[in-house]
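Next comes final.cif, a file with mmCIF, C-alpha atoms and all ligand atoms.
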```
data_work
#
loop_
_atom_site.label_atom_id
_atom_site.label_comp_id
_atom_site.auth_asym_id
_atom_site.auth_seq_id
_atom_site.Cartn_x
_atom_site.Cartn_y
_atom_site.Cartn_z
CA MET A 1 30.94 32.52 -13.07
CA HIS A 2 31.15 30.71 -16.41
CA GLN A 3 31.71 27.43 -14.59
CA ASP A 4 28.70 28.01 -12.32
CA LEU A 5 26.60 28.67 -15.35
CA GLU A 6 27.64 25.45 -17.09
CA GLN A 7 27.03 23.50 -13.90
CA LEU A 8 23.57 24.96 -13.52
CA LYS A 9 22.67 24.08 -17.09
CA GLN A 10 23.90 20.55 -16.55
CA ARG A 11 21.95 20.06 -13.35
CA LEU A 12 18.79 21.51 -14.84
CA PRO A 13 18.61 20.57 -18.52
CA LEU A 14 16.43 22.80 -20.69
CA LEU A 15 14.09 19.96 -21.61
CA ASP A 16 13.56 18.98 -17.95
CA TYR A 17 12.86 22.58 -17.05
CA LEU A 18 10.29 22.90 -19.84
CA ARG A 19 8.60 19.63 -18.94
CA ARG A 20 8.35 20.66 -15.32
CA SER A 21 6.66 23.82 -16.59
CA ASN A 22 4.10 21.52 -18.29
CA TRP A 23 5.45 21.99 -21.80
CA THR A 24 4.37 19.08 -23.97
CA ALA A 25 6.30 18.10 -27.03
CA ARG A 26 6.85 15.35 -29.51
CA ARG A 27 10.14 14.00 -30.68
CA VAL A 28 11.27 14.95 -34.16
CA GLY A 29 12.68 11.95 -36.00
CA THR A 30 15.26 9.98 -34.11
CA ALA A 31 17.33 12.99 -33.13
CA ALA A 32 17.40 14.54 -29.67
CA GLU A 33 15.06 17.19 -31.02
CA PHE A 34 11.58 18.02 -29.73
CA VAL A 35 8.87 20.34 -30.97
CA GLY A 36 5.91 21.91 -29.18
CA LEU A 37 3.93 25.10 -28.79
CA CYS A 38 6.07 28.17 -28.11
CA PRO A 39 5.91 29.37 -24.49
CA LEU A 40 6.98 32.84 -25.64
CA HIS A 41 4.24 33.68 -28.12
CA ARG A 42 0.69 32.57 -28.91
CA GLU A 43 0.41 29.92 -31.57
CA THR A 44 -1.70 26.93 -32.57
CA GLN A 45 0.87 25.11 -34.73
CA PRO A 46 4.01 23.99 -32.88
CA SER A 47 7.11 25.83 -34.01
CA PHE A 48 9.21 25.81 -30.85
CA TYR A 49 12.14 23.39 -31.20
CA VAL A 50 14.38 22.10 -28.41
CA ASN A 51 17.63 20.28 -29.01
CA ALA A 52 18.23 18.20 -25.89
CA HIS A 53 21.83 17.46 -26.85
CA LYS A 54 22.82 21.06 -27.37
CA ASN A 55 20.49 22.23 -24.58
CA LEU A 56 19.19 25.00 -26.86
CA PHE A 57 15.81 26.16 -28.19
CA TYR A 58 14.68 28.01 -31.28
CA CYS A 59 11.21 29.21 -32.27
CA HIS A 60 10.48 29.52 -35.98
CA GLY A 61 7.37 31.53 -35.13
CA CYS A 62 8.86 34.41 -33.17
CA GLY A 63 12.46 33.91 -34.21
CA ARG A 64 13.80 33.78 -30.68
CA GLY A 65 16.25 31.21 -29.40
CA GLY A 66 19.02 30.49 -26.92
CA ASP A 67 19.73 28.52 -23.77
CA LEU A 68 17.84 27.97 -20.51
CA ILE A 69 18.86 31.36 -19.05
CA ARG A 70 17.68 33.13 -22.17
CA LEU A 71 14.34 31.33 -22.00
CA VAL A 72 13.82 32.47 -18.40
CA GLU A 73 14.86 36.03 -19.24
CA LEU A 74 12.30 36.12 -22.06
CA SER A 75 9.46 34.25 -20.39
CA HIS A 76 9.71 35.92 -16.96
CA GLY A 77 11.00 39.34 -18.03
CA LEU A 78 14.01 38.98 -15.75
CA SER A 79 17.57 40.20 -16.09
CA PHE A 80 20.40 37.75 -16.62
CA ARG A 81 21.35 37.83 -12.92
CA GLN A 82 17.75 37.55 -11.77
CA SER A 83 17.22 34.58 -14.08
CA LEU A 84 20.25 32.84 -12.60
CA ALA A 85 18.97 33.35 -9.05
CA TYR A 86 15.52 32.13 -10.09
CA LEU A 87 16.95 28.97 -11.63
CA GLN A 88 19.16 28.19 -8.64
CA GLN A 89 15.94 27.75 -6.66
CA GLN A 90 14.49 25.44 -9.30
CA ILE A 91 17.26 22.84 -9.11
CA PRO A 92 15.92 19.63 -7.59
CA ALA A 93 16.75 19.10 -3.93
CA PRO A 94 19.90 17.01 -3.60
CA GLY A 95 19.38 13.35 -4.11
CA ARG A 96 15.95 11.87 -3.62
CA GLY A 97 17.42 8.55 -4.58
CA PRO A 98 20.21 8.80 -2.04
CA LEU A 99 17.66 9.74 0.63
CA LEU A 100 15.75 6.51 0.05
CA GLU A 101 19.05 4.56 -0.01
CA GLU A 102 19.99 6.13 3.31
CA THR A 103 16.56 5.34 4.74
CA ALA A 104 16.62 1.73 3.57
CA ALA A 105 20.12 1.24 5.00
CA PHE A 106 18.96 2.66 8.33
CA TYR A 107 15.94 0.36 8.42
CA GLN A 108 18.13 -2.60 7.52
CA LEU A 109 20.26 -1.93 10.59
CA GLN A 110 17.14 -1.72 12.75
CA LEU A 111 15.96 -5.17 11.68
CA HIS A 112 18.47 -7.02 13.81
CA ARG A 113 17.95 -4.73 16.78
CA HIS A 114 14.26 -5.55 17.05
CA PRO A 115 13.43 -9.16 17.91
CA GLU A 116 9.73 -8.53 17.21
CA ALA A 117 10.59 -7.93 13.54
CA ILE A 118 12.64 -11.11 13.20
CA HIS A 119 9.91 -13.00 15.02
CA TYR A 120 7.34 -11.67 12.52
CA LEU A 121 9.48 -12.73 9.55
CA GLN A 122 9.83 -16.21 11.01
CA GLN A 123 6.08 -16.39 11.44
CA ARG A 124 5.72 -15.57 7.75
CA GLY A 125 8.11 -18.39 6.94
CA LEU A 126 11.17 -16.27 6.14
CA ARG A 127 14.22 -17.74 7.77
CA ASP A 128 17.10 -17.62 5.30
CA PRO A 129 19.39 -14.69 6.28
CA ALA A 130 20.88 -14.64 2.76
CA ILE A 131 17.44 -13.92 1.27
CA LEU A 132 16.73 -11.17 3.83
CA GLU A 133 20.08 -9.63 2.95
CA GLU A 134 19.54 -9.92 -0.78
CA LEU A 135 16.10 -8.35 -0.60
CA GLY A 136 17.55 -5.57 1.56
CA LEU A 137 14.81 -6.19 4.11
CA GLY A 138 14.58 -3.75 6.98
CA TYR A 139 12.40 -2.75 9.90
CA ALA A 140 10.86 0.60 10.78
CA PRO A 141 10.24 0.68 14.51
CA GLY A 142 8.89 4.26 14.18
CA GLY A 143 10.05 7.31 16.08
CA ASN A 144 13.71 7.33 15.12
CA LEU A 145 14.03 7.94 11.36
CA ARG A 146 13.43 11.68 11.39
CA ARG A 147 16.18 12.29 13.93
CA HIS A 148 18.59 10.07 12.03
CA LEU A 149 17.99 11.77 8.66
CA ALA A 150 18.09 15.26 10.17
CA GLY A 151 21.47 14.29 11.64
CA GLN A 152 22.60 13.35 8.12
CA GLY A 153 21.67 16.84 6.91
CA TYR A 154 18.43 16.09 5.03
CA PRO A 155 16.09 19.08 5.28
CA LEU A 156 12.66 18.47 6.83
CA ASP A 157 10.95 19.81 3.67
CA LEU A 158 12.45 17.00 1.66
CA LEU A 159 11.40 14.35 4.20
CA LEU A 160 7.83 15.69 4.15
CA GLU A 161 7.77 15.87 0.38
CA THR A 162 9.00 12.29 0.04
CA GLY A 163 6.37 11.16 2.52
CA LEU A 164 8.87 9.56 4.92
CA ILE A 165 7.67 11.97 7.58
CA ASN A 166 3.95 12.69 7.89
CA PRO A 167 2.45 16.18 8.22
CA GLN A 168 2.35 15.71 12.01
CA GLY A 169 6.13 15.43 11.91
CA ARG A 170 6.24 11.72 12.77
CA ASP A 171 7.80 8.78 10.94
CA THR A 172 5.34 7.48 8.33
CA PHE A 173 6.51 3.87 8.67
CA CYS A 174 5.93 2.56 12.17
CA ARG A 175 6.21 -1.08 13.22
CA ARG A 176 6.57 -2.20 9.62
CA VAL A 177 8.87 -4.57 7.79
CA ILE A 178 10.39 -2.63 4.89
CA PHE A 179 11.11 -3.91 1.37
CA PRO A 180 13.04 -1.46 -0.83
CA CYS A 181 11.72 -1.47 -4.43
CA ARG A 182 14.59 -1.02 -6.85
CA GLN A 183 14.69 -0.10 -10.49
CA HIS A 184 17.85 0.24 -12.56
CA GLY A 185 19.82 -0.01 -9.33
CA HIS A 186 18.00 2.84 -7.57
CA ILE A 187 15.38 2.60 -4.87
CA VAL A 188 12.16 4.06 -6.28
CA ASN A 189 9.82 3.30 -3.40
CA LEU A 190 9.60 1.56 -0.03
CA TYR A 191 6.94 -1.00 0.81
CA GLY A 192 6.09 -1.36 4.49
CA ARG A 193 4.17 -4.35 5.86
CA SER A 194 2.61 -3.75 9.25
CA ILE A 195 3.53 -6.31 11.91
CA GLY A 196 0.76 -4.99 14.17
CA ALA A 197 -2.88 -3.98 13.87
CA ALA A 198 -2.34 -1.08 11.42
CA PHE A 199 -3.45 -1.31 7.77
CA PRO A 200 -1.20 -4.04 6.32
CA HIS A 201 0.20 -2.39 3.19
CA ARG A 202 1.88 0.96 2.79
CA LEU A 203 3.93 2.58 0.03
CA LEU A 204 5.36 6.07 -0.19
CA PRO A 205 3.11 8.41 -2.20
CA ARG A 206 4.88 7.93 -5.51
CA SER A 207 4.96 5.39 -8.31
CA LYS A 208 5.40 1.79 -7.18
CA GLY A 209 7.94 1.46 -9.97
CA GLY A 210 8.27 -1.50 -12.30
CA LEU A 211 8.05 -5.20 -11.50
CA PHE A 212 9.98 -6.17 -8.39
CA ALA A 213 13.58 -7.25 -9.07
CA TRP A 214 12.81 -7.33 -12.80
CA GLU A 215 16.44 -6.77 -13.75
CA SER A 216 17.35 -10.16 -12.29
CA VAL A 217 14.10 -12.01 -13.11
CA ARG A 218 13.70 -11.01 -16.77
CA ARG A 219 16.42 -13.38 -17.95
CA PHE A 220 14.42 -16.41 -16.73
CA HIS A 221 12.04 -18.50 -18.75
CA PRO A 222 9.27 -18.86 -17.69
CA VAL A 223 8.50 -16.12 -15.16
CA ILE A 224 6.26 -16.49 -12.10
CA LEU A 225 4.13 -13.47 -11.17
CA VAL A 226 2.77 -13.07 -7.63
CA GLU A 227 0.76 -10.42 -5.78
CA GLY A 228 2.77 -9.75 -2.67
CA LEU A 229 6.37 -9.42 -1.58
CA PHE A 230 6.05 -12.14 1.07
CA ASP A 231 4.91 -14.51 -1.68
CA LEU A 232 7.99 -13.54 -3.64
CA ALA A 233 10.29 -13.90 -0.65
CA VAL A 234 9.16 -17.44 0.23
CA LEU A 235 9.36 -18.52 -3.41
CA TRP A 236 12.90 -17.14 -3.73
CA GLN A 237 13.72 -18.95 -0.51
CA ALA A 238 12.36 -22.18 -1.99
CA GLY A 239 14.55 -21.72 -5.06
CA PHE A 240 12.07 -20.14 -7.48
CA ARG A 241 14.26 -17.20 -8.37
CA ASN A 242 12.24 -16.58 -11.51
CA THR A 243 9.51 -14.94 -9.39
CA THR A 244 8.57 -11.31 -9.71
CA CYS A 245 5.84 -9.27 -8.06
CA ALA A 246 3.58 -6.42 -9.18
CA LEU A 247 2.67 -5.26 -5.64
CA GLY A 248 -1.00 -5.99 -6.14
CA THR A 249 -3.09 -7.60 -8.85
CA HIS A 250 -3.33 -4.50 -11.02
CA LEU A 251 -0.34 -3.94 -13.28
CA THR A 252 0.80 -0.45 -14.24
CA PRO A 253 1.35 0.11 -17.99
CA GLU A 254 5.09 0.02 -17.30
CA GLN A 255 4.84 -3.36 -15.54
CA PHE A 256 2.70 -4.76 -18.34
CA GLN A 257 5.24 -3.59 -20.88
CA GLN A 258 8.02 -5.30 -18.93
CA LEU A 259 6.13 -8.62 -18.82
CA THR A 260 5.53 -8.51 -22.55
CA ASP A 261 9.06 -7.48 -23.54
CA ARG A 262 9.60 -10.59 -25.62
CA PRO A 263 7.11 -12.58 -27.67
CA ASP A 264 8.28 -16.00 -26.48
CA ARG A 265 7.80 -15.14 -22.83
CA SER A 266 5.54 -17.37 -20.82
CA ILE A 267 4.12 -16.31 -17.49
CA TYR A 268 2.72 -18.26 -14.56
CA ILE A 269 0.26 -16.14 -12.60
CA VAL A 270 -0.13 -17.12 -8.94
CA PHE A 271 -2.51 -14.68 -7.26
CA ASP A 272 -4.37 -15.28 -3.99
CA ARG A 273 -7.19 -17.82 -3.97
CA ASP A 274 -9.39 -15.63 -1.80
CA GLU A 275 -13.00 -16.34 -0.95
CA ASN A 276 -14.48 -13.41 -2.84
CA HIS A 277 -12.68 -14.56 -6.00
CA ALA A 278 -11.07 -11.15 -6.54
CA GLY A 279 -7.67 -12.77 -7.07
CA GLN A 280 -9.04 -15.31 -9.56
CA GLN A 281 -10.86 -12.60 -11.50
CA ALA A 282 -7.77 -10.41 -11.60
CA SER A 283 -5.61 -13.27 -12.85
CA GLN A 284 -8.18 -14.22 -15.53
CA GLN A 285 -8.27 -10.65 -16.74
CA LEU A 286 -4.51 -10.31 -16.80
CA ALA A 287 -4.08 -13.62 -18.60
CA GLN A 288 -6.52 -12.44 -21.28
CA GLN A 289 -4.66 -9.15 -21.69
CA LEU A 290 -1.37 -11.03 -22.02
CA ALA A 291 -2.85 -13.44 -24.52
CA GLY A 292 -4.15 -10.41 -26.41
CA VAL A 293 -0.59 -9.32 -27.14
CA GLY A 294 0.55 -12.84 -27.89
CA VAL A 295 2.25 -13.67 -24.60
CA GLY A 296 1.55 -17.08 -23.11
CA ALA A 297 -0.10 -16.96 -19.70
CA HIS A 298 -0.88 -19.81 -17.31
CA LEU A 299 -3.13 -19.67 -14.26
CA VAL A 300 -1.65 -21.61 -11.38
CA PRO A 301 -4.18 -23.31 -9.09
CA LEU A 302 -3.25 -23.28 -5.42
CA PRO A 303 -5.45 -25.02 -2.85
CA PRO A 304 -8.47 -22.79 -2.03
CA GLY A 305 -7.81 -19.98 0.45
CA HIS A 306 -4.07 -20.00 -0.16
CA ASP A 307 -1.50 -17.61 -1.52
CA PRO A 308 2.07 -18.82 -2.10
CA ASN A 309 3.14 -17.52 1.30
CA SER A 310 0.43 -19.33 3.25
CA TYR A 311 0.87 -22.45 1.10
CA PHE A 312 4.51 -22.81 2.10
CA LEU A 313 3.67 -21.89 5.70
CA ALA A 314 1.16 -24.74 5.73
CA GLY A 315 4.03 -27.11 4.97
CA ALA A 316 4.18 -27.22 1.17
CA THR A 317 7.56 -28.00 -0.36
CA ALA A 318 9.24 -26.87 -3.56
CA ALA A 319 8.08 -30.16 -5.13
CA ASP A 320 4.46 -29.43 -4.15
CA PHE A 321 4.67 -26.01 -5.73
CA THR A 322 6.26 -27.43 -8.87
CA ARG A 323 3.27 -29.77 -9.15
CA CYS A 324 0.95 -26.73 -8.98
CA LEU A 325 2.94 -25.15 -11.81
CA GLN A 326 2.59 -28.32 -13.86
CA GLN A 327 -1.18 -28.31 -13.29
CA ALA A 328 -1.44 -24.73 -14.50
CA HIS A 329 -3.73 -24.34 -17.45
CA PRO A 330 -2.71 -22.15 -20.34
CA LEU A 331 -5.23 -19.59 -21.49
ZN ZN B 1 7.83 31.70 -30.45
#
```

Written as structure tokens, that's how I'd like the structure from this file.
Ligand SMILES: [Zn+2]
Amino acid sequence: MHQDLEQLKQRLPLLDYLRRSNWTARRVGTAAEFVGLCPLHRETQPSFYVNAHKNLFYCHGCGRGGDLIRLVELSHGLSFRQSLAYLQQQIPAPGRGPLLEETAAFYQLQLHRHPEAIHYLQQRGLRDPAILEELGLGYAPGGNLRRHLAGQGYPLDLLLETGLINPQGRDTFCRRVIFPCRQHGHIVNLYGRSIGAAFPHRLLPRSKGGLFAWESVRRFHPVILVEGLFDLAVLWQAGFRNTTCALGTHLTPEQFQQLTDRPDRSIYIVFDRDENHAGQQASQQLAQQLAGVGVGAHLVPLPPGHDPNSYFLAGATAADFTRCLQQAHPL
């Protein structure tokens, strides 16, 4: 019983529980201590303290304190046993991360079983098997993921919640090349590029995460930033391993923070040269924002109508691309 209790408290830390219940707090000093409004009594000045290390709370307003179980007893008017049962249900479903790892591994196996996928990659100029392997590229043929994951014991609820299975009960990714997006070693999302007539881009309904492969790219100087994962893949293939990708032209605050992590960073932006100038406008804007925080940004001119992927497909070499980098104008 005691062991179960400790395990429960470890798997569902007090601070996580409170945050999931929409409790907002600010950190006190540098310690693992947080303060916010008390969920147990009405107040306008925060006096409810949580120590994340000790996993305990104390309210200076109403004088009550204790651990997670105590908080549930007090806030829900439940007995000790009832509180335990309630909390058991609140523990996050086992391994969202592992589910995406399992899914990506499954799709990776499918890639070599479906010639149409390999054919598509070749058409996009991706031929180096080492790059495909390193990117963890896979293929979702559609119609077989749900059965596979159910066989591995993943509950349908979880698959629906993650968005891997749509409300009609079918695989969300169908006839798509899959790029796993990793952060700190975990897969945080999957990007699927349609190889057919369906809408080209698809992500799971969750954050796109940080910059693609940032953990390996951040050590380079300078860094090349592109829009799409096929741009990144062909540039890696051509030897430009200092390329990262924001999955679009709009950076999330997290991605922007990553790009500006050091003051001496310099960034080469290579967005699409599309006819409606959306890519050029986006790169101008981004370069200005970067310059605003003191980070050097260069706009790389590709021939009109090209993105890095199409440029290499049209026969450009690494030397051609290097010349484009040299012609880049700093902002
Ligand atoms: Zn209180």

Q: Report as a list of chain:residue names which protein, DNA and RNA residues come within 10 Å of ligand ZN 1 (chain B), using all atoms listed in the file.
A: A:Leu37, A:Cys38, A:Pro39, A:Leu40, A:His41, A:Arg42, A:Glu43, A:Pro46, A:Ser47, A:Phe48, A:Tyr49, A:Phe57, A:Tyr58, A:Cys59, A:His60, A:Gly61, A:Cys62, A:Gly63, A:Arg64, A:Gly65

Q: Just the residues within 6 Å of range 234-244 of chain A, please, counting only C-alpha atoms, with nothing from its chain fewer than 6 positions along; format it as a PyMOL selection string.
A: chain A and resi 212+217+220+223-225+318

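In this model, the gap between CA of Tyr191 in chain A and CA of Phe179 in chain A comes to 5.1 Å.
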
(Q) Around the point (5.1, 10.5, 5.6) (coordinates from the file), which residues reach within 12 Å if we count only C-alpha atoms? Answer as a VMD selection string. (A) chain A and resid 142 145 to 146 156 to 174 190 192 202 to 206

Let me see the file: selected residues, C-alpha atoms, as an mmCIF file, keeping the file's coordinate frame.
```
data_model
loop_
_atom_site.group_PDB
_atom_site.id
_atom_site.type_symbol
_atom_site.label_atom_id
_atom_site.label_comp_id
_atom_site.auth_asym_id
_atom_site.auth_seq_id
_atom_site.Cartn_x
_atom_site.Cartn_y
_atom_site.Cartn_z
ATOM 1 C CA GLY A 142 8.890 4.260 14.180
ATOM 2 C CA LEU A 145 14.030 7.940 11.360
ATOM 3 C CA ARG A 146 13.430 11.680 11.390
ATOM 4 C CA LEU A 156 12.660 18.470 6.830
ATOM 5 C CA ASP A 157 10.950 19.810 3.670
ATOM 6 C CA LEU A 158 12.450 17.000 1.660
ATOM 7 C CA LEU A 159 11.400 14.350 4.200
ATOM 8 C CA LEU A 160 7.830 15.690 4.150
ATOM 9 C CA GLU A 161 7.770 15.870 0.380
ATOM 10 C CA THR A 162 9.000 12.290 0.040
ATOM 11 C CA GLY A 163 6.370 11.160 2.520
ATOM 12 C CA LEU A 164 8.870 9.560 4.920
ATOM 13 C CA ILE A 165 7.670 11.970 7.580
ATOM 14 C CA ASN A 166 3.950 12.690 7.890
ATOM 15 C CA PRO A 167 2.450 16.180 8.220
ATOM 16 C CA GLN A 168 2.350 15.710 12.010
ATOM 17 C CA GLY A 169 6.130 15.430 11.910
ATOM 18 C CA ARG A 170 6.240 11.720 12.770
ATOM 19 C CA ASP A 171 7.800 8.780 10.940
ATOM 20 C CA THR A 172 5.340 7.480 8.330
ATOM 21 C CA PHE A 173 6.510 3.870 8.670
ATOM 22 C CA CYS A 174 5.930 2.560 12.170
ATOM 23 C CA LEU A 190 9.600 1.560 -0.030
ATOM 24 C CA GLY A 192 6.090 -1.360 4.490
ATOM 25 C CA ARG A 202 1.880 0.960 2.790
ATOM 26 C CA LEU A 203 3.930 2.580 0.030
ATOM 27 C CA LEU A 204 5.360 6.070 -0.190
ATOM 28 C CA PRO A 205 3.110 8.410 -2.200
ATOM 29 C CA ARG A 206 4.880 7.930 -5.510
#
```

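Interatomic distance, CA of Gln258 in chain A to CA of Glu215 in chain A: 10.0 Å.
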
Q. Contacts of range 247-257 of chain A at 6 Å or less, counting only C-alpha atoms, minus same-chain residues fewer than 2 places along, as a list in words?
A. Gly210, Leu211, Glu227, Gly228, Cys245, Leu259 and Thr260 of chain A

Q. If you count all atoms listed in the file, which residues fall within 9 Å of range 294-306 of chain A, apart from same-chain ones fewer than 5 positions away, as an MDAnalysis selection string?
A. chainID A and resid 259:260 262:275 280 283:284 286:289 311 321 324:331

**Q.** Å distance separating CA of Gly315 in chain A from CA of Asp128 in chain A, one decimal place
**A.**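 Rounded to one decimal, the two atoms are 16.2 Å apart.
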
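The residue that comes closest to Val226 in chain A, out of A:Glu6, A:Glu102, A:Asp307, A:Asp320 and on the basis of only C-alpha atoms, is A:Asp307.
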
Could you give me the centre and size, in Å to one decimal, of an axis-aligned box around all listed atoms of range 17-27 of chain A with 4 Å added on every side, as lines of an AutoDock Vina configuration file?
```
center_x = 8.5
center_y = 18.9
center_z = -23.0
size_x = 16.8
size_y = 17.8
size_z = 23.4
```

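Taking only C-alpha atoms into account, Leu313 in chain A lies nearest to A:Leu126 out of the set A:Leu126, A:Ala105, A:Ile118, A:Val177.
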
Q. Which residue gives the smallest distance to Cys181 in chain A among A:His76, A:Arg193, A:Lys208, A:His148, with all atoms listed in the file counted?
A. A:Lys208
